[in-house]
>>> print(open('model.csv').read())   # CSV, C-alpha atoms
chain,number,residue,atom,x,y,z
Y,973,MET,CA,-51.1,38.5,-17.2
Y,974,THR,CA,-47.4,37.9,-16.4
Y,975,GLN,CA,-44.9,38.8,-19.2
Y,976,ARG,CA,-43.4,35.5,-20.6
Y,977,THR,CA,-39.7,36.1,-20.7
Y,978,SER,CA,-37.3,34.1,-22.7
Y,979,GLU,CA,-36.0,32.5,-19.5
Y,980,LEU,CA,-39.6,31.3,-18.6
Y,981,ILE,CA,-40.1,30.0,-22.1
Y,982,TYR,CA,-36.8,28.2,-21.9
Y,983,THR,CA,-37.9,26.8,-18.5
Y,984,GLU,CA,-41.1,25.4,-20.1
Y,985,LEU,CA,-39.0,23.8,-22.8
Y,986,LEU,CA,-36.7,22.2,-20.2
Y,987,VAL,CA,-39.7,20.9,-18.3
Y,988,MET,CA,-41.1,19.3,-21.3
Y,989,ARG,CA,-37.7,17.7,-22.1
Y,990,CYS,CA,-37.5,16.5,-18.5
Y,991,GLN,CA,-40.9,14.9,-18.9
Y,992,ASN,CA,-39.3,13.0,-21.9
Y,993,ARG,CA,-36.5,11.9,-19.5
Y,994,GLU,CA,-33.7,13.9,-21.1
Y,995,LYS,CA,-30.8,14.0,-18.6
Y,996,VAL,CA,-29.2,17.2,-20.0
Y,997,ALA,CA,-32.6,19.0,-19.5
Y,998,PHE,CA,-32.6,18.0,-15.8
Y,999,ASN,CA,-29.1,19.4,-15.4
Y,1000,ASN,CA,-30.0,22.7,-17.2
Y,1001,LEU,CA,-33.2,23.1,-15.2
Y,1002,TYR,CA,-31.3,22.6,-12.0
Y,1003,THR,CA,-28.6,25.0,-13.0
Y,1004,ILE,CA,-31.2,27.8,-13.6
Y,1005,TRP,CA,-33.5,27.2,-10.6
Y,1006,ALA,CA,-31.5,25.7,-7.8
Y,1007,PRO,CA,-29.8,29.0,-6.7
Y,1008,ARG,CA,-33.2,30.8,-6.5
Y,1009,LEU,CA,-34.8,27.9,-4.7
Y,1010,LEU,CA,-31.9,27.7,-2.2
Y,1011,TYR,CA,-32.2,31.4,-1.5
Y,1012,HIS,CA,-35.9,30.9,-0.9
Y,1013,ILE,CA,-35.3,28.0,1.5
Y,1014,LYS,CA,-32.6,29.9,3.4
Y,1015,ASN,CA,-35.0,32.8,3.9
Y,1016,LEU,CA,-37.6,30.4,5.3
Y,1017,ILE,CA,-35.4,28.5,7.7
Y,1018,ARG,CA,-32.5,30.9,8.3
Y,1019,ALA,CA,-30.0,28.1,8.3
Y,1020,GLU,CA,-27.3,27.4,5.6
Y,1021,ASP,CA,-26.5,23.7,5.8
Y,1022,PRO,CA,-30.0,22.3,6.3
Y,1023,ALA,CA,-31.1,24.5,3.4
Y,1024,LYS,CA,-28.8,22.6,1.1
Y,1025,ASP,CA,-30.3,19.3,2.3
Y,1026,ILE,CA,-33.8,20.6,1.9
Y,1027,LEU,CA,-33.0,21.7,-1.6
Y,1028,GLN,CA,-31.7,18.2,-2.5
Y,1029,ASP,CA,-34.8,16.6,-1.1
Y,1030,GLY,CA,-37.0,19.1,-3.0
Y,1031,TRP,CA,-35.2,18.3,-6.3
Y,1032,ILE,CA,-35.7,14.6,-5.8
Y,1033,ALA,CA,-39.4,15.4,-5.4
Y,1034,ILE,CA,-39.4,17.6,-8.4
Y,1035,MET,CA,-37.7,15.1,-10.6
Y,1036,GLY,CA,-39.9,12.2,-9.3
Y,1037,ASN,CA,-43.1,14.1,-10.0
Y,1038,ILE,CA,-42.3,16.3,-13.0
Y,1039,ASN,CA,-44.4,14.1,-15.3
Y,1040,LYS,CA,-47.5,15.0,-13.1
Y,1041,LEU,CA,-47.0,18.7,-13.9
Y,1042,LYS,CA,-49.5,19.3,-16.6
Y,1043,ASP,CA,-48.6,22.9,-17.4
Y,1044,PRO,CA,-44.9,23.5,-17.9
Y,1045,ALA,CA,-45.4,27.2,-17.4
Y,1046,ALA,CA,-46.5,26.5,-13.8
Y,1047,PHE,CA,-43.0,25.1,-13.0
Y,1048,PRO,CA,-41.7,28.1,-11.0
Y,1049,ALA,CA,-44.7,28.2,-8.6
Y,1050,TRP,CA,-44.8,24.4,-8.4
Y,1051,ALA,CA,-41.1,24.2,-7.5
Y,1052,TYR,CA,-41.4,27.0,-4.9
Y,1053,ARG,CA,-44.4,25.2,-3.3
Y,1054,ILE,CA,-42.4,22.0,-3.1
Y,1055,MET,CA,-39.5,23.7,-1.5
Y,1056,THR,CA,-41.7,25.6,0.9
Y,1057,ASN,CA,-43.3,22.3,2.0
Y,1058,LYS,CA,-40.0,20.6,2.4
Y,1059,ALA,CA,-38.7,23.6,4.5
Y,1060,ARG,CA,-41.8,23.4,6.7
Y,1061,ASP,CA,-41.4,19.7,7.2
Y,1062,TRP,CA,-37.8,20.3,8.2
Y,1063,GLN,CA,-38.9,23.1,10.6
Y,1064,ARG,CA,-41.5,20.9,12.3
Y,1065,LYS,CA,-38.9,18.1,12.7
Y,1066,HIS,CA,-36.3,20.5,13.9
Y,1067,ILE,CA,-38.8,22.1,16.4
Y,1068,ARG,CA,-39.6,18.8,17.9
Y,1069,GLN,CA,-35.9,18.0,18.3
Y,1070,GLU,CA,-35.3,21.5,19.8
Y,1071,LYS,CA,-38.2,20.9,22.3
Y,1072,ARG,CA,-36.7,17.6,23.4
Y,1073,GLU,CA,-33.3,19.2,23.8
Y,1074,MET,CA,-34.7,22.2,25.6
Y,1075,GLN,CA,-36.9,20.0,27.8
Y,1076,SER,CA,-34.1,19.7,30.4
Y,1077,ALA,CA,-33.6,23.4,30.5
Y,1078,SER,CA,-37.3,23.8,30.6
Y,1079,ASP,CA,-37.4,21.4,33.6
Y,1080,ASP,CA,-34.9,23.7,35.4
Y,1081,VAL,CA,-37.4,26.6,35.2
Y,1082,ALA,CA,-40.2,24.3,36.2
Y,1083,SER,CA,-38.2,23.1,39.2
Y,1084,ILE,CA,-37.5,26.7,40.1
Y,1085,GLN,CA,-41.2,27.4,40.0
Y,1086,ALA,CA,-42.0,24.3,42.0
Y,1087,LYS,CA,-39.3,25.1,44.5
Y,1088,PHE,CA,-40.5,28.6,44.9
Y,1089,SER,CA,-44.2,27.9,44.7
Y,1090,ASP,CA,-45.0,31.6,44.9
Y,1091,ILE,CA,-45.6,32.5,41.3
Y,1092,ASP,CA,-45.4,36.2,42.2
Y,1093,LEU,CA,-41.8,35.7,43.3
Y,1094,VAL,CA,-41.0,34.3,39.8
Y,1095,ARG,CA,-42.8,37.2,38.1
Y,1096,LYS,CA,-41.0,39.8,40.2
Y,1097,ALA,CA,-37.7,38.1,39.4
Y,1098,ILE,CA,-38.5,38.2,35.7
Y,1099,GLN,CA,-39.2,41.9,36.0
Y,1100,LYS,CA,-35.7,42.4,37.4
Y,1101,LEU,CA,-34.1,40.9,34.3
Y,1102,SER,CA,-32.6,43.1,31.7
Y,1103,GLY,CA,-34.9,44.0,28.8
Y,1104,GLN,CA,-33.4,41.5,26.4
Y,1105,ARG,CA,-33.4,38.6,28.9
Y,1106,LYS,CA,-36.9,39.5,30.0
Y,1107,GLN,CA,-38.0,39.5,26.4
Y,1108,LEU,CA,-36.5,36.0,25.8
Y,1109,ILE,CA,-38.1,34.5,28.9
Y,1110,ASN,CA,-41.5,36.0,27.9
Y,1111,LEU,CA,-41.2,34.9,24.3
Y,1112,TYR,CA,-40.2,31.3,25.2
Y,1113,TYR,CA,-42.2,30.6,28.3
Y,1114,TYR,CA,-45.2,32.8,28.1
Y,1115,GLU,CA,-45.7,33.3,24.4
Y,1116,GLU,CA,-44.5,29.7,23.8
Y,1117,TYR,CA,-42.5,30.5,20.7
Y,1118,THR,CA,-39.9,28.0,19.6
Y,1119,ILE,CA,-36.2,28.7,19.4
Y,1120,GLU,CA,-36.5,29.0,15.6
Y,1121,GLU,CA,-39.4,31.4,15.8
Y,1122,ILE,CA,-37.6,33.6,18.4
Y,1123,SER,CA,-34.6,33.5,16.1
Y,1124,GLY,CA,-36.8,34.9,13.3
Y,1125,ILE,CA,-38.5,37.5,15.5
Y,1126,LEU,CA,-35.3,38.9,16.9
Y,1127,ASN,CA,-33.3,38.3,13.7
Y,1128,ILE,CA,-30.5,36.5,15.4
Y,1129,LYS,CA,-29.1,33.0,15.0
Y,1130,THR,CA,-30.7,30.0,16.8
Y,1131,GLY,CA,-27.4,29.4,18.6
Y,1132,THR,CA,-27.5,32.9,19.9
Y,1133,VAL,CA,-31.1,32.5,21.1
Y,1134,LYS,CA,-30.1,29.3,23.0
Y,1135,SER,CA,-27.1,30.9,24.7
Y,1136,ARG,CA,-28.9,34.1,25.6
Y,1137,LEU,CA,-31.9,32.0,26.9
Y,1138,PHE,CA,-29.4,29.9,29.0
Y,1139,ARG,CA,-27.9,33.0,30.5
Y,1140,ALA,CA,-31.4,34.5,31.2
Y,1141,ARG,CA,-32.5,31.3,33.0
Y,1142,ARG,CA,-29.3,31.3,35.0
Y,1143,GLN,CA,-29.8,35.0,36.0
Y,1144,LEU,CA,-33.5,34.3,36.8
Y,1145,LYS,CA,-32.5,31.4,39.1
Y,1146,GLU,CA,-29.9,33.5,40.9
Y,1147,THR,CA,-32.4,36.4,41.2
Y,1148,ILE,CA,-35.1,34.1,42.7
Y,1149,GLU,CA,-32.6,32.6,45.1
Y,1150,ARG,CA,-31.5,36.0,46.3
Y,1151,MET,CA,-35.1,37.2,46.6
Y,1152,ASN,CA,-36.0,34.0,48.5
Y,1153,HIS,CA,-33.2,34.6,51.0
Y,1154,ASP,CA,-34.1,38.3,51.6
>>> encode(input="model.csv", output="structure tokens")
Amino acid sequence: MTQRTSELIYTELLVMRCQNREKVAFNNLYTIWAPRLLYHIKNLIRAEDPAKDILQDGWIAIMGNINKLKDPAAFPAWAYRIMTNKARDWQRKHIRQEKREMQSASDDVASIQAKFSDIDLVRKAIQKLSGQRKQLINLYYYEEYTIEEISGILNIKTGTVKSRLFRARRQLKETIERMNHD
């Protein structure tokens, strides 16, 4: 059984007061839990500005549904679950948007493969890439990870993944063209 700290007991009291629509209680609950929940969201999505928007959406959901919370002691787990779900929703939406944006770049590689119908040529060209660029091409095209997922795997920013992937594609195209002319 988890030790009930004074902070958790105070949280339970605030939740009950929130359920009675006490505005000050909402503010106090937010002051205590928002920094932790924001940290949690940032760890999930690895992005600063969207994390703040997700936090705001999550708090709207919390405040709109706090009367449905039967056990005030369950608030921390309940709040984390709401924030996790909001973060996942954001990631799904962001991934769809990334895929649309990356479709044109993806089309470039597809046109390269169509232009040089010999798949072995493409594979050989990939093998000639530097280790990092080869890794990015493999993660994105063969393993089919999203930009966000690659960012998490390599522990680099999504913008860095995009720019490195762009350079890897450009080098791949140049390598294939050189190989095709040889």
>>> atom_distance(input="model.csv", atom1="CA of Phe1047 in chain Y", atom2="CA of Leu1010 in chain Y")
15.7 Å
>>> closest_residue(input="model.csv", among="Y:Ile1013, Y:Ile1067, Y:Gly1030, Y:Thr1003", to="Ile1122 in chain Y", atoms="all atoms listed in the file")
Y:Ile1067
>>> atom_distance(input="model.csv", atom1="CA of Ser978 in chain Y", atom2="CA of Ala1045 in chain Y")
11.9 Å
>>> closest_residue(input="model.csv", among="Y:Lys1100, Y:Arg993, Y:His1153, Y:Arg1008", to="Ala1023 in chain Y", atoms="all atoms listed in the file")
Y:Arg1008
>>> atom_distance(input="model.csv", atom1="CA of Leu1144 in chain Y", atom2="CA of Lys1065 in chain Y")
29.5 Å
>>> residues_near_point(input="model.csv", point="(-28.9, 20.1, 1.1)", cutoff="12 Å", atoms="all atoms listed in the file", output="PyMOL selection string")
chain Y and resi 1006-1007+1009-1010+1013-1014+1019-1032+1055+1058-1059+1062
>>> closest_residue(input="model.csv", among="Y:Arg1053, Y:Arg1105, Y:Arg1095, Y:Arg1142", to="Ala1033 in chain Y", atoms="only C-alpha atoms")
Y:Arg1053
>>> closest_residue(input="model.csv", among="Y:Asp1061, Y:Lys1071, Y:Phe998, Y:Ile1148", to="Ile1091 in chain Y", atoms="all atoms listed in the file")
Y:Ile1148
>>> residues_around(input="model.csv", residues="Ala997 in chain Y", least_positions_apart="5", cutoff="8 Å", atoms="only C-alpha atoms", output="list in words")
Leu986, Val987, Arg989 and Cys990 of chain Y
>>> residues_around(input="model.csv", residues="Thr1056 in chain Y", least_positions_apart="4", cutoff="8 Å", atoms="all atoms listed in the file", output="PyMOL selection string")
chain Y and resi 1013+1016+1052+1060
>>> closest_residue(input="model.csv", among="Y:Arg1150, Y:Lys1129, Y:Lys1096, Y:Arg1139", to="Ile1017 in chain Y", atoms="all atoms listed in the file")
Y:Lys1129
